[in-house]
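Enquirer: Provided herewith: structure-v5.cif, mmCIF, C-alpha atoms.
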```cif
data_upload
loop_
_atom_site.group_PDB
_atom_site.id
_atom_site.type_symbol
_atom_site.label_atom_id
_atom_site.label_comp_id
_atom_site.auth_asym_id
_atom_site.auth_seq_id
_atom_site.Cartn_x
_atom_site.Cartn_y
_atom_site.Cartn_z
ATOM 1 C CA MET A 1 15.408 0.494 -32.896
ATOM 2 C CA ARG A 2 14.670 -1.263 -29.635
ATOM 3 C CA ARG A 3 12.248 0.418 -27.214
ATOM 4 C CA ALA A 4 12.801 0.650 -23.476
ATOM 5 C CA PRO A 5 10.852 -2.023 -21.506
ATOM 6 C CA CYS A 6 8.672 0.557 -19.776
ATOM 7 C CA GLN A 7 7.415 1.734 -23.173
ATOM 8 C CA ASP A 8 6.247 -1.766 -24.103
ATOM 9 C CA ARG A 9 3.647 -1.872 -21.329
ATOM 10 C CA ALA A 10 0.615 0.335 -21.099
ATOM 11 C CA VAL A 11 0.279 2.433 -17.962
ATOM 12 C CA PRO A 12 -2.742 1.299 -15.910
ATOM 13 C CA ALA A 13 -5.711 3.639 -15.533
ATOM 14 C CA LEU A 14 -5.070 3.654 -11.765
ATOM 15 C CA ASP A 15 -1.403 3.525 -10.815
ATOM 16 C CA LEU A 16 -1.085 4.628 -7.193
ATOM 17 C CA VAL A 17 1.805 4.469 -4.739
ATOM 18 C CA ASP A 18 1.553 5.451 -1.082
ATOM 19 C CA GLU A 19 3.904 5.195 1.882
ATOM 20 C CA THR A 20 2.926 5.573 5.533
ATOM 21 C CA PHE A 21 5.273 5.165 8.501
ATOM 22 C CA VAL A 22 3.738 3.157 11.339
ATOM 23 C CA VAL A 23 5.517 2.815 14.682
ATOM 24 C CA VAL A 24 4.694 -0.826 15.334
ATOM 25 C CA ASP A 25 6.346 -4.233 15.320
ATOM 26 C CA ARG A 26 6.422 -5.539 11.740
ATOM 27 C CA ALA A 27 4.986 -8.924 12.765
ATOM 28 C CA ARG A 28 1.948 -7.200 14.257
ATOM 29 C CA LEU A 29 1.344 -5.170 11.091
ATOM 30 C CA ALA A 30 1.925 -8.239 8.890
ATOM 31 C CA ALA A 31 -0.776 -10.107 10.840
ATOM 32 C CA VAL A 32 -3.232 -7.269 10.187
ATOM 33 C CA VAL A 33 -2.353 -7.206 6.486
ATOM 34 C CA ALA A 34 -2.836 -11.000 6.278
ATOM 35 C CA ASP A 35 -6.444 -10.791 7.548
ATOM 36 C CA PRO A 36 -8.913 -11.266 4.636
ATOM 37 C CA ALA A 37 -11.604 -9.368 6.567
ATOM 38 C CA ARG A 38 -9.369 -6.285 6.385
ATOM 39 C CA TRP A 39 -9.001 -6.693 2.608
ATOM 40 C CA ARG A 40 -12.785 -6.645 2.148
ATOM 41 C CA ALA A 41 -13.011 -3.469 4.245
ATOM 42 C CA TRP A 42 -10.065 -1.764 2.516
ATOM 43 C CA TRP A 43 -11.067 -2.624 -1.071
ATOM 44 C CA PRO A 44 -14.795 -3.529 -0.954
ATOM 45 C CA ASP A 45 -15.298 -3.458 -4.734
ATOM 46 C CA LEU A 46 -12.397 -5.803 -5.459
ATOM 47 C CA ARG A 47 -12.091 -9.575 -5.211
ATOM 48 C CA LEU A 48 -8.528 -10.346 -4.193
ATOM 49 C CA GLU A 49 -6.555 -13.525 -4.681
ATOM 50 C CA VAL A 50 -3.131 -13.807 -3.101
ATOM 51 C CA PHE A 51 -0.487 -14.556 -5.701
ATOM 52 C CA MET A 52 2.527 -13.830 -3.492
ATOM 53 C CA ASP A 53 2.459 -14.075 0.305
ATOM 54 C CA ARG A 54 5.803 -12.739 1.459
ATOM 55 C CA GLY A 55 5.138 -13.157 5.183
ATOM 56 C CA LEU A 56 6.640 -10.271 7.143
ATOM 57 C CA ASP A 57 7.405 -8.460 3.880
ATOM 58 C CA GLY A 58 3.738 -8.194 2.831
ATOM 59 C CA ILE A 59 1.338 -9.564 0.235
ATOM 60 C CA ARG A 60 0.621 -9.182 -3.474
ATOM 61 C CA TRP A 61 -2.854 -9.832 -4.834
ATOM 62 C CA SER A 62 -4.531 -10.236 -8.201
ATOM 63 C CA ALA A 63 -7.658 -8.083 -8.284
ATOM 64 C CA THR A 64 -10.927 -8.573 -10.147
ATOM 65 C CA GLY A 65 -14.347 -7.008 -9.744
ATOM 66 C CA ALA A 66 -14.995 -3.316 -10.393
ATOM 67 C CA TRP A 67 -11.342 -3.087 -11.520
ATOM 68 C CA VAL A 68 -8.748 -5.643 -12.617
ATOM 69 C CA GLY A 69 -5.039 -5.665 -11.934
ATOM 70 C CA SER A 70 -2.852 -5.977 -8.865
ATOM 71 C CA VAL A 71 -2.675 -4.690 -5.307
ATOM 72 C CA GLU A 72 0.426 -4.886 -3.157
ATOM 73 C CA ILE A 73 1.429 -4.073 0.384
ATOM 74 C CA TRP A 74 5.144 -4.178 1.170
ATOM 75 C CA LEU A 75 6.247 -3.839 4.794
ATOM 76 C CA GLU A 76 9.726 -2.361 5.086
ATOM 77 C CA PRO A 77 11.348 -2.242 8.538
ATOM 78 C CA VAL A 78 12.584 1.280 9.272
ATOM 79 C CA LEU A 79 13.938 2.531 12.626
ATOM 80 C CA ASP A 80 11.446 1.481 15.332
ATOM 81 C CA GLY A 81 8.566 0.906 12.933
ATOM 82 C CA VAL A 82 7.483 -0.066 9.459
ATOM 83 C CA LEU A 83 7.141 1.819 6.219
ATOM 84 C CA LEU A 84 3.838 0.583 4.812
ATOM 85 C CA HIS A 85 4.116 0.723 1.018
ATOM 86 C CA HIS A 86 0.838 0.435 -0.908
ATOM 87 C CA TYR A 87 0.732 -0.126 -4.670
ATOM 88 C CA LEU A 88 -2.459 -0.182 -6.695
ATOM 89 C CA ARG A 89 -2.290 -0.957 -10.430
ATOM 90 C CA LEU A 90 -5.795 -1.285 -11.830
ATOM 91 C CA ASP A 91 -7.690 -0.986 -15.094
ATOM 92 C CA ARG A 92 -11.382 -1.042 -15.878
ATOM 93 C CA PRO A 93 -12.538 -4.525 -16.886
ATOM 94 C CA GLY A 94 -13.960 -5.203 -20.337
ATOM 95 C CA PRO A 95 -16.998 -7.424 -20.987
ATOM 96 C CA ASP A 96 -14.769 -10.520 -20.855
ATOM 97 C CA GLY A 97 -13.099 -9.382 -17.596
ATOM 98 C CA ALA A 98 -9.815 -8.561 -19.318
ATOM 99 C CA PRO A 99 -8.379 -5.095 -18.648
ATOM 100 C CA LEU A 100 -9.412 -2.324 -20.988
ATOM 101 C CA PRO A 101 -6.704 0.072 -22.169
ATOM 102 C CA ALA A 102 -6.465 3.345 -20.254
ATOM 103 C CA ALA A 103 -8.760 6.036 -21.587
ATOM 104 C CA THR A 104 -7.294 8.349 -24.198
ATOM 105 C CA ASP A 105 -10.232 10.709 -24.662
ATOM 106 C CA PRO A 106 -10.488 13.794 -22.389
ATOM 107 C CA ARG A 107 -13.713 12.620 -20.743
ATOM 108 C CA GLY A 108 -12.265 9.179 -19.970
ATOM 109 C CA ARG A 109 -9.015 10.652 -18.642
ATOM 110 C CA ARG A 110 -10.988 12.950 -16.306
ATOM 111 C CA ARG A 111 -13.086 9.978 -15.135
ATOM 112 C CA ASP A 112 -9.910 7.989 -14.412
ATOM 113 C CA ALA A 113 -8.310 10.992 -12.677
ATOM 114 C CA ARG A 114 -11.339 11.286 -10.364
ATOM 115 C CA ALA A 115 -11.154 7.552 -9.626
ATOM 116 C CA ARG A 116 -7.404 7.840 -8.842
ATOM 117 C CA ALA A 117 -7.982 10.789 -6.515
ATOM 118 C CA ARG A 118 -10.844 8.990 -4.734
ATOM 119 C CA ARG A 119 -8.785 5.809 -4.296
ATOM 120 C CA ALA A 120 -5.797 7.809 -3.019
ATOM 121 C CA ARG A 121 -7.959 9.606 -0.428
ATOM 122 C CA GLU A 122 -9.664 6.368 0.653
ATOM 123 C CA TRP A 123 -6.357 4.556 1.101
ATOM 124 C CA LYS A 124 -4.787 7.436 3.035
ATOM 125 C CA ARG A 125 -7.776 7.436 5.414
ATOM 126 C CA THR A 126 -7.346 3.666 5.775
ATOM 127 C CA ALA A 127 -3.608 3.949 6.445
ATOM 128 C CA TRP A 128 -4.102 6.712 9.019
ATOM 129 C CA ALA A 129 -6.843 4.715 10.777
ATOM 130 C CA LEU A 130 -4.516 1.713 10.854
ATOM 131 C CA LYS A 131 -1.719 3.898 12.214
ATOM 132 C CA ASP A 132 -4.047 5.268 14.926
ATOM 133 C CA GLU A 133 -5.167 1.745 15.848
ATOM 134 C CA LEU A 134 -1.689 0.232 16.052
ATOM 135 C CA GLU A 135 -0.001 3.206 17.722
ATOM 136 C CA ALA A 136 -2.795 3.825 20.263
ATOM 137 C CA GLU A 137 -0.675 2.766 23.249
ATOM 138 C CA ARG A 138 2.339 4.878 22.288
ATOM 139 C CA GLU A 139 2.738 8.510 23.250
ATOM 140 C CA PRO A 140 3.330 10.512 20.027
ATOM 141 C CA GLY A 141 6.987 11.366 19.564
ATOM 142 C CA THR A 142 8.263 8.511 21.683
ATOM 143 C CA PRO A 143 10.003 5.400 20.345
ATOM 144 C CA ARG A 144 8.026 2.161 20.065
ATOM 145 C CA ALA A 145 10.274 0.224 22.423
ATOM 146 C CA ALA A 146 11.786 1.598 25.568
ATOM 147 C CA ALA A 147 15.425 2.376 25.051
ATOM 148 C CA GLY A 148 18.005 0.462 27.022
ATOM 149 C CA PRO A 149 19.662 2.018 30.090
ATOM 150 C CA ALA A 150 21.391 5.321 29.487
ATOM 151 C CA PRO A 151 25.126 4.969 29.211
ATOM 152 C CA GLY A 152 27.023 5.930 32.313
ATOM 153 C CA PRO A 153 29.501 8.805 32.449
ATOM 154 C CA ALA A 154 32.525 8.350 30.283
ATOM 155 C CA ALA A 155 35.469 7.070 32.285
ATOM 156 C CA GLY A 156 38.423 9.407 32.228
ATOM 157 C CA PRO A 157 42.032 8.332 32.173
ATOM 158 C CA ARG A 158 43.133 6.597 35.357
ATOM 159 C CA GLY A 159 45.077 8.661 37.791
ATOM 160 C CA ALA A 160 43.829 11.914 36.373
#
```
Let me see the structure of the file written as structure tokens.

Expert:
Amino acid sequence: MRRAPCQDRAVPALDLVDETFVVVDRARLAAVVADPARWRAWWPDLRLEVFMDRGLDGIRWSATGAWVGSVEIWLEPVLDGVLLHHYLRLDRPGPDGAPLPAATDPRGRRRDARARARRAREWKRTAWALKDELEAEREPGTPRAAAGPAPGPAAGPRGA
């Protein structure tokens, strides 16, 4: 019997997904995401190597260091802003640097759960700080760009 593809791959110890809506021009956010100094601040314990630079759509990295795996930011245009998608798929490295399988013992699962929760909190703080920085000039609740002129009154039938 053939197994489904998702069953053939082990789930990483840290498998996080986050989405944050930022009311900003996508090119401006893409420039921030492309800055290696930001990467070092956002993930200080990881060494990142770009393996897919998608320009305005974001970046995918290979990660080594305290964890091994992949990091991705995808920038999806939505309304007058960008939905910042963040994916983190990491495992603990073994002595040779290769990923270790996810923990199966209760103590290891709790350790990984704490690491997931810490990473999720750290990224959310990062995303909110980025949102605050990039939306600083915009009054909350207002669109990013000024709307065009309001339409005039509807013209009624002639001669009415």

Enquirer: Taking the file as I've supplied it (selection: the PyMOL selection byres ((chain A and resi 50) around 12)), which residues are included? Please answer as a PyMOL selection string.

Expert: chain A and resi 33-36+39+47-49+51-55+58-64+70-73

Enquirer: Neighbours of A:Glu135 within 9 Å (all atoms listed in the file; same-chain residues fewer than 6 positions away dropped), as a list in words?

Expert: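 My list of contacting residues is Val22, Val23, Val24 and Arg144 of chain A.
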
Enquirer: Give the answer as one residue: which of A:Leu56, A:Ala27, A:Ala98, A:Ala103 has the shortest atom-to-atom distance to A:Ala13, using all atoms listed in the file?

Expert: A:Ala103

Enquirer: The PyMOL selection byres ((chain A and resi 91) around 6) on the file shown: which residues, as an MDAnalysis selection string?

Expert: chainID A and resid 12:13 67:68 90 92 99

Enquirer: Would you output that residue set with C-alpha atoms, as a tab-separated table (two decimals), in the frame of the given file?

Expert:
```tsv
chain	number	residue	atom	x	y	z
A	12	PRO	CA	-2.74	1.30	-15.91
A	13	ALA	CA	-5.71	3.64	-15.53
A	67	TRP	CA	-11.34	-3.09	-11.52
A	68	VAL	CA	-8.75	-5.64	-12.62
A	90	LEU	CA	-5.80	-1.28	-11.83
A	92	ARG	CA	-11.38	-1.04	-15.88
A	99	PRO	CA	-8.38	-5.10	-18.65
```

Enquirer: To verify the selection step, state as a ChimeraX atom specification which residues the PyMOL selection byres ((chain A and resi 119-127) around 12) yields on this input.

Expert: /A:13-22,29,32-33,38-39,41-45,67,71,73,83-90,112-118,128-135

Enquirer: Filtering to N, CA, C and O atoms, could stretch 69-102 of chain A of the supplied structure be written out as a short mmCIF file (atom, residue, chain, number, x, y, z; two decimals), in the first residue's frame?

Expert:
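What ended up in selection39.cif:
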```cif
data_model
loop_
_atom_site.label_atom_id
_atom_site.label_comp_id
_atom_site.auth_asym_id
_atom_site.auth_seq_id
_atom_site.Cartn_x
_atom_site.Cartn_y
_atom_site.Cartn_z
N GLY A 69 17.59 23.78 9.09
CA GLY A 69 16.33 23.64 8.36
C GLY A 69 16.13 24.79 7.40
O GLY A 69 17.07 25.21 6.72
N SER A 70 14.91 25.32 7.38
CA SER A 70 14.61 26.41 6.45
C SER A 70 13.76 27.48 7.12
O SER A 70 13.01 27.21 8.05
N VAL A 71 13.93 28.69 6.61
CA VAL A 71 13.17 29.87 7.05
C VAL A 71 12.63 30.50 5.77
O VAL A 71 13.32 30.53 4.75
N GLU A 72 11.41 30.99 5.83
CA GLU A 72 10.83 31.61 4.64
C GLU A 72 9.98 32.79 5.05
O GLU A 72 9.27 32.75 6.04
N ILE A 73 10.07 33.84 4.25
CA ILE A 73 9.13 34.95 4.33
C ILE A 73 8.53 35.11 2.94
O ILE A 73 9.24 35.23 1.95
N TRP A 74 7.20 35.08 2.90
CA TRP A 74 6.45 35.26 1.65
C TRP A 74 5.62 36.53 1.83
O TRP A 74 4.93 36.70 2.84
N LEU A 75 5.70 37.42 0.87
CA LEU A 75 4.99 38.70 0.92
C LEU A 75 3.85 38.67 -0.09
O LEU A 75 4.07 38.74 -1.29
N GLU A 76 2.64 38.59 0.43
CA GLU A 76 1.45 38.48 -0.42
C GLU A 76 0.71 39.81 -0.44
O GLU A 76 0.26 40.29 0.61
N PRO A 77 0.55 40.44 -1.62
CA PRO A 77 -0.20 41.69 -1.66
C PRO A 77 -1.68 41.44 -1.34
O PRO A 77 -2.30 40.54 -1.90
N VAL A 78 -2.20 42.22 -0.40
CA VAL A 78 -3.60 42.12 0.00
C VAL A 78 -4.12 43.53 0.26
O VAL A 78 -3.51 44.28 1.02
N LEU A 79 -5.22 43.89 -0.40
CA LEU A 79 -5.84 45.22 -0.23
C LEU A 79 -4.78 46.31 -0.36
O LEU A 79 -4.09 46.36 -1.35
N ASP A 80 -4.63 47.17 0.66
CA ASP A 80 -3.66 48.26 0.57
C ASP A 80 -2.39 47.94 1.35
O ASP A 80 -1.66 48.82 1.77
N GLY A 81 -2.09 46.66 1.52
CA GLY A 81 -0.92 46.27 2.27
C GLY A 81 -0.38 44.92 1.83
O GLY A 81 -0.55 44.51 0.69
N VAL A 82 0.26 44.27 2.79
CA VAL A 82 0.95 43.01 2.52
C VAL A 82 0.67 42.04 3.66
O VAL A 82 0.74 42.42 4.84
N LEU A 83 0.37 40.82 3.32
CA LEU A 83 0.28 39.77 4.32
C LEU A 83 1.67 39.13 4.40
O LEU A 83 2.15 38.55 3.43
N LEU A 84 2.31 39.34 5.53
CA LEU A 84 3.66 38.85 5.78
C LEU A 84 3.54 37.43 6.33
O LEU A 84 3.12 37.24 7.47
N HIS A 85 3.86 36.45 5.49
CA HIS A 85 3.82 35.04 5.91
C HIS A 85 5.23 34.66 6.38
O HIS A 85 6.21 34.94 5.68
N HIS A 86 5.32 34.01 7.52
CA HIS A 86 6.60 33.57 8.07
C HIS A 86 6.51 32.08 8.33
O HIS A 86 5.58 31.60 8.99
N TYR A 87 7.46 31.33 7.77
CA TYR A 87 7.51 29.88 7.97
C TYR A 87 8.87 29.53 8.56
O TYR A 87 9.90 29.98 8.06
N LEU A 88 8.85 28.71 9.58
CA LEU A 88 10.07 28.28 10.24
C LEU A 88 10.00 26.77 10.38
O LEU A 88 9.08 26.25 11.02
N ARG A 89 10.91 26.06 9.73
CA ARG A 89 10.94 24.59 9.79
C ARG A 89 12.34 24.20 10.20
O ARG A 89 13.26 24.18 9.38
N LEU A 90 12.50 23.89 11.49
CA LEU A 90 13.84 23.66 12.04
C LEU A 90 13.90 22.41 12.89
O LEU A 90 12.93 22.04 13.56
N ASP A 91 15.07 21.80 12.89
CA ASP A 91 15.38 20.66 13.76
C ASP A 91 16.66 20.96 14.50
O ASP A 91 17.48 21.78 14.06
N ARG A 92 16.88 20.24 15.58
CA ARG A 92 18.15 20.36 16.30
C ARG A 92 19.23 19.68 15.47
O ARG A 92 18.99 18.63 14.89
N PRO A 93 20.43 20.28 15.43
CA PRO A 93 21.49 19.65 14.64
C PRO A 93 22.18 18.53 15.45
O PRO A 93 22.34 18.63 16.66
N GLY A 94 22.59 17.50 14.73
CA GLY A 94 23.39 16.44 15.33
C GLY A 94 24.86 16.84 15.33
O GLY A 94 25.22 17.93 14.87
N PRO A 95 25.73 15.96 15.81
CA PRO A 95 27.17 16.27 15.86
C PRO A 95 27.77 16.59 14.48
O PRO A 95 28.70 17.37 14.37
N ASP A 96 27.20 16.01 13.43
CA ASP A 96 27.70 16.24 12.08
C ASP A 96 26.99 17.42 11.40
O ASP A 96 27.23 17.72 10.24
N GLY A 97 26.07 18.08 12.11
CA GLY A 97 25.33 19.21 11.56
C GLY A 97 24.05 18.82 10.86
O GLY A 97 23.24 19.67 10.53
N ALA A 98 23.86 17.52 10.63
CA ALA A 98 22.62 17.05 9.99
C ALA A 98 21.48 17.12 11.00
O ALA A 98 21.70 17.00 12.21
N PRO A 99 20.25 17.29 10.54
CA PRO A 99 19.13 17.39 11.47
C PRO A 99 18.89 16.09 12.23
O PRO A 99 18.95 15.01 11.66
N LEU A 100 18.64 16.24 13.51
CA LEU A 100 18.24 15.10 14.33
C LEU A 100 16.74 14.90 14.17
O LEU A 100 15.99 15.86 13.98
N PRO A 101 16.25 13.67 14.31
CA PRO A 101 14.79 13.48 14.27
C PRO A 101 14.13 14.19 15.45
O PRO A 101 14.75 14.39 16.49
N ALA A 102 12.89 14.57 15.27
CA ALA A 102 12.14 15.22 16.36
C ALA A 102 12.10 14.28 17.56
O ALA A 102 12.06 13.06 17.41
#
```
